[in-house]
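Chemist: For reference, this is model-v7.pdb, and it has PDB, C-alpha atoms, pLDDT in the B column.
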```
ATOM      1  CA  MET A   1      10.011 -10.939  10.751  1.00 46.00           C
ATOM      2  CA  ASN A   2      11.757  -7.828   9.492  1.00 47.00           C
ATOM      3  CA  THR A   3       9.983  -4.499   9.055  1.00 46.00           C
ATOM      4  CA  THR A   4       9.715  -4.652   5.261  1.00 45.00           C
ATOM      5  CA  LYS A   5       8.151  -8.119   5.302  1.00 46.00           C
ATOM      6  CA  THR A   6       5.832  -6.972   8.067  1.00 48.00           C
ATOM      7  CA  LEU A   7       4.857  -3.923   6.007  1.00 52.00           C
ATOM      8  CA  ALA A   8       3.947  -5.947   2.943  1.00 53.00           C
ATOM      9  CA  LEU A   9       2.072  -8.554   4.946  1.00 52.00           C
ATOM     10  CA  ALA A  10       0.161  -6.036   7.029  1.00 56.00           C
ATOM     11  CA  LEU A  11      -0.900  -3.974   4.016  1.00 60.00           C
ATOM     12  CA  ALA A  12      -2.031  -7.110   2.232  1.00 56.00           C
ATOM     13  CA  CYS A  13      -3.924  -8.314   5.290  1.00 52.00           C
ATOM     14  CA  LEU A  14      -5.548  -4.934   5.752  1.00 55.00           C
ATOM     15  CA  LEU A  15      -6.954  -5.033   2.255  1.00 55.00           C
ATOM     16  CA  ALA A  16      -7.674  -8.758   2.410  1.00 53.00           C
ATOM     17  CA  PHE A  17      -9.838  -8.289   5.469  1.00 49.00           C
ATOM     18  CA  ALA A  18     -11.601  -5.432   3.721  1.00 50.00           C
ATOM     19  CA  ALA A  19     -12.177  -7.514   0.615  1.00 48.00           C
ATOM     20  CA  PRO A  20     -12.501 -11.280   1.109  1.00 48.00           C
ATOM     21  CA  THR A  21     -12.901 -11.643  -2.635  1.00 49.00           C
ATOM     22  CA  PHE A  22     -11.286  -9.414  -5.206  1.00 48.00           C
ATOM     23  CA  ALA A  23     -14.547  -8.750  -7.037  1.00 45.00           C
ATOM     24  CA  GLN A  24     -16.233  -7.489  -3.879  1.00 51.00           C
ATOM     25  CA  PRO A  25     -17.688  -4.038  -4.521  1.00 53.00           C
ATOM     26  CA  ALA A  26     -15.819  -2.635  -1.506  1.00 66.00           C
ATOM     27  CA  VAL A  27     -12.557  -2.749  -3.454  1.00 77.00           C
ATOM     28  CA  GLY A  28     -13.891  -2.306  -6.975  1.00 79.00           C
ATOM     29  CA  GLY A  29     -11.498  -4.620  -8.788  1.00 80.00           C
ATOM     30  CA  ARG A  30      -8.260  -3.434 -10.330  1.00 80.00           C
ATOM     31  CA  GLU A  31      -9.704  -0.039 -11.192  1.00 86.00           C
ATOM     32  CA  GLY A  32     -10.741   0.398  -7.577  1.00 89.00           C
ATOM     33  CA  LEU A  33      -7.264  -0.532  -6.402  1.00 90.00           C
ATOM     34  CA  ASP A  34      -5.771   1.999  -8.813  1.00 91.00           C
ATOM     35  CA  ARG A  35      -8.038   4.729  -7.417  1.00 94.00           C
ATOM     36  CA  LEU A  36      -7.251   3.669  -3.863  1.00 94.00           C
ATOM     37  CA  MET A  37      -3.510   3.828  -4.572  1.00 94.00           C
ATOM     38  CA  ASP A  38      -3.886   7.327  -6.062  1.00 96.00           C
ATOM     39  CA  THR A  39      -5.526   8.493  -2.846  1.00 97.00           C
ATOM     40  CA  PHE A  40      -3.023   6.572  -0.718  1.00 96.00           C
ATOM     41  CA  MET A  41      -0.049   8.158  -2.491  1.00 96.00           C
ATOM     42  CA  ALA A  42      -1.546  11.634  -2.171  1.00 97.00           C
ATOM     43  CA  GLY A  43      -1.964  11.007   1.549  1.00 97.00           C
ATOM     44  CA  LEU A  44       1.578   9.716   1.910  1.00 96.00           C
ATOM     45  CA  LEU A  45       3.004  12.755   0.138  1.00 96.00           C
ATOM     46  CA  ALA A  46       0.921  15.139   2.250  1.00 97.00           C
ATOM     47  CA  ASP A  47       1.956  13.479   5.503  1.00 97.00           C
ATOM     48  CA  GLU A  48       4.974  15.136   7.144  1.00 95.00           C
ATOM     49  CA  ARG A  49       6.323  11.809   8.387  1.00 92.00           C
ATOM     50  CA  MET A  50       5.695   9.759   5.230  1.00 93.00           C
ATOM     51  CA  GLY A  51       6.248  12.422   2.587  1.00 94.00           C
ATOM     52  CA  PRO A  52      10.045  12.262   2.710  1.00 92.00           C
ATOM     53  CA  PHE A  53      10.001   8.527   1.962  1.00 88.00           C
ATOM     54  CA  PHE A  54       8.035   9.088  -1.258  1.00 91.00           C
ATOM     55  CA  ALA A  55       8.895  12.624  -2.430  1.00 92.00           C
ATOM     56  CA  ASN A  56      11.780  11.514  -4.645  1.00 90.00           C
ATOM     57  CA  ALA A  57      10.359   8.125  -5.599  1.00 89.00           C
ATOM     58  CA  ASP A  58       8.800   7.301  -8.955  1.00 93.00           C
ATOM     59  CA  GLN A  59       5.313   7.743  -7.531  1.00 93.00           C
ATOM     60  CA  GLU A  60       3.495   6.377 -10.574  1.00 95.00           C
ATOM     61  CA  ARG A  61       5.606   3.247 -10.432  1.00 93.00           C
ATOM     62  CA  VAL A  62       5.041   2.826  -6.689  1.00 92.00           C
ATOM     63  CA  LYS A  63       1.274   3.169  -7.129  1.00 94.00           C
ATOM     64  CA  ARG A  64       1.282   0.741 -10.049  1.00 92.00           C
ATOM     65  CA  GLN A  65       3.371  -1.782  -8.138  1.00 90.00           C
ATOM     66  CA  LEU A  66       1.198  -1.522  -5.021  1.00 90.00           C
ATOM     67  CA  ALA A  67      -2.007  -1.990  -7.014  1.00 90.00           C
ATOM     68  CA  GLU A  68      -0.445  -4.939  -8.840  1.00 89.00           C
ATOM     69  CA  GLN A  69       0.760  -6.510  -5.604  1.00 87.00           C
ATOM     70  CA  PHE A  70      -2.599  -6.174  -3.864  1.00 84.00           C
ATOM     71  CA  CYS A  71      -4.385  -7.438  -6.964  1.00 85.00           C
ATOM     72  CA  ALA A  72      -2.201 -10.559  -6.911  1.00 84.00           C
ATOM     73  CA  ILE A  73      -2.604 -11.092  -3.164  1.00 81.00           C
ATOM     74  CA  LEU A  74      -6.371 -10.670  -3.343  1.00 78.00           C
ATOM     75  CA  GLY A  75      -6.724 -13.174  -6.177  1.00 78.00           C
ATOM     76  CA  GLY A  76      -7.542 -10.669  -8.887  1.00 80.00           C
ATOM     77  CA  GLY A  77      -5.613 -12.480 -11.585  1.00 81.00           C
ATOM     78  CA  CYS A  78      -2.616 -10.162 -11.555  1.00 83.00           C
ATOM     79  CA  GLU A  79       1.006 -11.181 -11.262  1.00 85.00           C
ATOM     80  CA  TYR A  80       3.272  -8.991  -9.165  1.00 85.00           C
ATOM     81  CA  SER A  81       6.304  -8.036 -11.243  1.00 86.00           C
ATOM     82  CA  GLY A  82       8.140  -5.875  -8.711  1.00 82.00           C
ATOM     83  CA  ARG A  83      11.106  -6.570  -6.521  1.00 83.00           C
ATOM     84  CA  ASP A  84      10.751  -8.390  -3.227  1.00 80.00           C
ATOM     85  CA  MET A  85       9.921  -6.222  -0.232  1.00 76.00           C
ATOM     86  CA  LYS A  86      13.261  -6.773   1.502  1.00 80.00           C
ATOM     87  CA  SER A  87      15.371  -5.419  -1.349  1.00 83.00           C
ATOM     88  CA  SER A  88      12.823  -2.721  -2.207  1.00 80.00           C
ATOM     89  CA  HIS A  89      13.038  -1.226   1.263  1.00 78.00           C
ATOM     90  CA  ALA A  90      16.650  -1.972   2.184  1.00 80.00           C
ATOM     91  CA  GLY A  91      18.499   0.981   3.606  1.00 77.00           C
ATOM     92  CA  LEU A  92      15.452   3.221   3.940  1.00 78.00           C
ATOM     93  CA  GLY A  93      15.528   3.252   7.723  1.00 80.00           C
ATOM     94  CA  ILE A  94      11.875   2.271   8.070  1.00 85.00           C
ATOM     95  CA  ASP A  95      10.907   1.654  11.683  1.00 87.00           C
ATOM     96  CA  ARG A  96       7.729   0.462  13.391  1.00 88.00           C
ATOM     97  CA  ALA A  97       6.447   4.018  13.899  1.00 92.00           C
ATOM     98  CA  ASP A  98       6.854   4.680  10.157  1.00 91.00           C
ATOM     99  CA  PHE A  99       5.008   1.477   9.372  1.00 87.00           C
ATOM    100  CA  ASN A 100       2.187   2.327  11.767  1.00 91.00           C
ATOM    101  CA  ARG A 101       1.825   5.781  10.228  1.00 94.00           C
ATOM    102  CA  LEU A 102       1.739   4.305   6.725  1.00 91.00           C
ATOM    103  CA  VAL A 103      -1.086   1.985   7.803  1.00 92.00           C
ATOM    104  CA  GLU A 104      -2.970   4.959   9.254  1.00 95.00           C
ATOM    105  CA  VAL A 105      -2.638   6.816   5.943  1.00 96.00           C
ATOM    106  CA  LEU A 106      -3.854   3.706   4.109  1.00 93.00           C
ATOM    107  CA  GLN A 107      -6.858   3.470   6.436  1.00 94.00           C
ATOM    108  CA  VAL A 108      -7.759   7.096   5.672  1.00 95.00           C
ATOM    109  CA  ALA A 109      -7.551   6.340   1.933  1.00 95.00           C
ATOM    110  CA  MET A 110      -9.662   3.214   2.383  1.00 91.00           C
ATOM    111  CA  ASN A 111     -12.253   5.234   4.288  1.00 93.00           C
ATOM    112  CA  LYS A 112     -12.413   7.797   1.474  1.00 94.00           C
ATOM    113  CA  HIS A 113     -13.241   4.934  -0.920  1.00 91.00           C
ATOM    114  CA  ASP A 114     -15.690   3.245   1.438  1.00 87.00           C
ATOM    115  CA  VAL A 115     -13.426   0.217   1.831  1.00 83.00           C
ATOM    116  CA  PRO A 116     -14.003  -0.970   5.405  1.00 77.00           C
ATOM    117  CA  PHE A 117     -11.062  -1.872   7.599  1.00 71.00           C
TER     118      PHE A 117
END
```
Please re-express this file's structure in structure tokens.
Modeler:
Amino acid sequence: MNTTKTLALALACLLAFAAPTFAQPAVGGREGLDRLMDTFMAGLLADERMGPFFANADQERVKRQLAEQFCAILGGGCEYSGRDMKSSHAGLGIDRADFNRLVEVLQVAMNKHDVPF
């Protein structure tokens, strides 16, 4: 499995394990996902390794797409309208260490919102 597919799957699994059902209070529904993505993006931008990947991106769009994607994966009644992960991340030079760091930043954001991992 390539890195971009692994990234999408791992992020989805991380949240899925934290929230077996979308309505579970740990996630807080779509509004909770939106808040989580705000915190996640702030963490990514503040991180010296991850910041460069997101500094010039449309951060609002990325947050919206992530929340939409997780909402769809977690059965929240949303439909993901973004591009597939392979084309979205093509040419970005993402490696396993980058992916692992991104997951760490997501775990910090989840902890701040009392979403267990």
Chemist: Applying 8 Å and all atoms listed in the file, which residues near stretch 33-41 of chain A remain after dropping the ones on its own chain fewer than 4 positions away? List them as an MDAnalysis selection string.
Modeler: chainID A and resid 27:29 45 59 63:64 66:67 70:71 105:106 108:110 113
Chemist: Give me, please, the distance in Å between atom CA of A:Arg96 and atom CA of A:Ile73, quoted to one decimal.
Modeler: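 That distance, rounded to one decimal, is 22.7 Å.
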Chemist: Quote the spacing between atom CA of A:Leu92 and atom CA of A:Phe53 in Å to one decimal place.
Modeler: 7.9 Å
Chemist: My list of candidates is A:Gly43, A:Phe54, A:Glu60, A:Gln65. Which is closest to A:Met85 when distances are computed with all atoms listed in the file?
Modeler: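 Under the stated criterion, the closest residue is A:Gln65.
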Chemist: Measure the distance from atom CA of A:Asp98 to atom CA of A:Met50 in Å and round it to one decimal.
Modeler: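 Interatomic distance here is 7.2 Å.
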